[in-house]
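S.K.: Sharing a structure here in structure tokens format.
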Amino acid sequence: MPMQAQEIEDMIKAAIPDAQVEITDLAGDGDHYAAKVISETFRGKPRIKQHKSVYDALGGKMGGVLHALQLTTAAPE
């Protein structure tokens with residue numbers, strides 16, 4: 001069963017409480033999403049560590065229930 005955008009957002013916010021999260025369903029199929037995640041916890045971290053934080057927040061759902069996630073991360077300006 002595909003994940004809902006709200007479920008993805010909730011999981012990210014549970015792990016990264018200060019995160020501003022914007023989820024877009026790219027294909028309308030519940031399997032291909034884009035996520036923009038802004039968090040102060042990303043400041044000074046390389047992009048790969050920022051992305052890992054988000055993937056960790058999804059608790060292993062990537063590649064399974066959640067097929068594809070186009071990810072953009074940043075610290076607030």
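To be explicit about the labels: the chains of the structure tokens are called A, B, and onward in the order shown, and within each one the residues are counted from 1, while ligands get numbers from 1 in the order they are shown.
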Taking only C-alpha atoms into account, produce a table as JSON lines in which each residue of range 31-62 of chain A with an atom at most 6 Å from an atom of range 22-26 of chain A appears once, together with its shortest atom pair and the distance in Å to one decimal, ordered by chain and rising number.

M.R.:
{"residue": "A:His32", "atom": "CA", "partner": "A:Leu26", "partner_atom": "CA", "distance": 5.5}
{"residue": "A:Tyr33", "atom": "CA", "partner": "A:Asp25", "partner_atom": "CA", "distance": 4.5}
{"residue": "A:Ala34", "atom": "CA", "partner": "A:Thr24", "partner_atom": "CA", "distance": 5.1}
{"residue": "A:Ala35", "atom": "CA", "partner": "A:Ile23", "partner_atom": "CA", "distance": 4.6}
{"residue": "A:Lys36", "atom": "CA", "partner": "A:Glu22", "partner_atom": "CA", "distance": 5.1}

S.K.: Quick one: write out the picked residues with C-alpha atoms as a PDB file, in the first residue's frame?

M.R.:
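Wrote again_39.pdb, looks like this:
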ATOM      1  CA  HIS A  32       6.933   9.010  -6.125  1.00  0.00           C
ATOM      2  CA  TYR A  33       7.307  12.071  -3.931  1.00  0.00           C
ATOM      3  CA  ALA A  34       9.449  15.159  -3.641  1.00  0.00           C
ATOM      4  CA  ALA A  35      10.238  16.453  -0.160  1.00  0.00           C
ATOM      5  CA  LYS A  36      11.713  19.790   0.784  1.00  0.00           C
TER       6      LYS A  36
END

S.K.: Write down as a list of chain:residue names the residues belonging to chain A that are assigned strand (DSSP E) by DSSP computed on the backbone.

M.R.: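 Residues of chain A classed as strand (DSSP E): A:Gln20, A:Val21, A:Glu22, A:Ile23, A:Thr24, A:Asp25, A:His32, A:Tyr33, A:Ala34, A:Ala35, A:Lys36, A:Val37, A:Ile38, A:Ala68, A:Leu69, A:Gln70, A:Leu71, A:Thr72, A:Thr73, A:Ala74.
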
S.K.: List every residue of chain A that DSSP, applied to the backbone of this structure, assigns to helix (DSSP H, G or I), and report them as a PDB file with C-alpha atoms, in the first residue's frame.

M.R.:
ATOM      1  CA  ALA A   5       2.088  12.509   1.925  1.00  0.00           C
ATOM      2  CA  GLN A   6       0.881  13.338   5.449  1.00  0.00           C
ATOM      3  CA  GLU A   7       2.424  10.126   6.801  1.00  0.00           C
ATOM      4  CA  ILE A   8       5.804  11.049   5.288  1.00  0.00           C
ATOM      5  CA  GLU A   9       5.585  14.564   6.730  1.00  0.00           C
ATOM      6  CA  ASP A  10       4.587  13.250  10.167  1.00  0.00           C
ATOM      7  CA  MET A  11       7.503  10.791  10.270  1.00  0.00           C
ATOM      8  CA  ILE A  12      10.010  13.488   9.312  1.00  0.00           C
ATOM      9  CA  LYS A  13       8.615  15.957  11.875  1.00  0.00           C
ATOM     10  CA  ALA A  14       8.646  13.290  14.590  1.00  0.00           C
ATOM     11  CA  ALA A  15      12.380  12.747  14.061  1.00  0.00           C
ATOM     12  CA  GLU A  40      18.332  24.242  11.775  1.00  0.00           C
ATOM     13  CA  THR A  41      19.804  20.820  12.619  1.00  0.00           C
ATOM     14  CA  PHE A  42      21.160  20.691   9.052  1.00  0.00           C
ATOM     15  CA  ARG A  47      24.150  17.391   2.170  1.00  0.00           C
ATOM     16  CA  ILE A  48      24.640  13.617   2.393  1.00  0.00           C
ATOM     17  CA  LYS A  49      24.268  13.759   6.202  1.00  0.00           C
ATOM     18  CA  GLN A  50      21.199  15.960   5.859  1.00  0.00           C
ATOM     19  CA  HIS A  51      19.639  13.414   3.504  1.00  0.00           C
ATOM     20  CA  LYS A  52      20.606  10.532   5.781  1.00  0.00           C
ATOM     21  CA  SER A  53      18.775  12.242   8.645  1.00  0.00           C
ATOM     22  CA  VAL A  54      15.600  12.337   6.557  1.00  0.00           C
ATOM     23  CA  TYR A  55      15.976   8.736   5.372  1.00  0.00           C
ATOM     24  CA  ASP A  56      16.560   7.624   8.974  1.00  0.00           C
ATOM     25  CA  ALA A  57      13.362   9.458   9.939  1.00  0.00           C
TER      26      ALA A  57
END

S.K.: Select, from A:Gly30, A:Ile16, A:Ile38, A:Val21, the residue with the minimum atom-to-atom distance to Ala75 in chain A, counting only C-alpha atoms.

M.R.: A:Ile38

S.K.: Please determine, counting only C-alpha atoms, which residue among A:Pro17, A:Val37, A:Asp31, A:Gln4 has the shortest atom-to-atom distance to Gly63 in chain A.

M.R.: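 The shortest atom-to-atom distance to Gly63 in chain A comes from A:Asp31.
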
S.K.: Rounded to one decimal place, report the CA of Gly44 in chain A-CA of Glu77 in chain A distance in Å.

M.R.: 12.5 Å

S.K.: Could you check how far CA of Arg43 in chain A sits from CA of Pro76 in chain A, in Å to one decimal?

M.R.: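 CA of Pro76 in chain A lies at a distance of 8.0 Å from CA of Arg43 in chain A.
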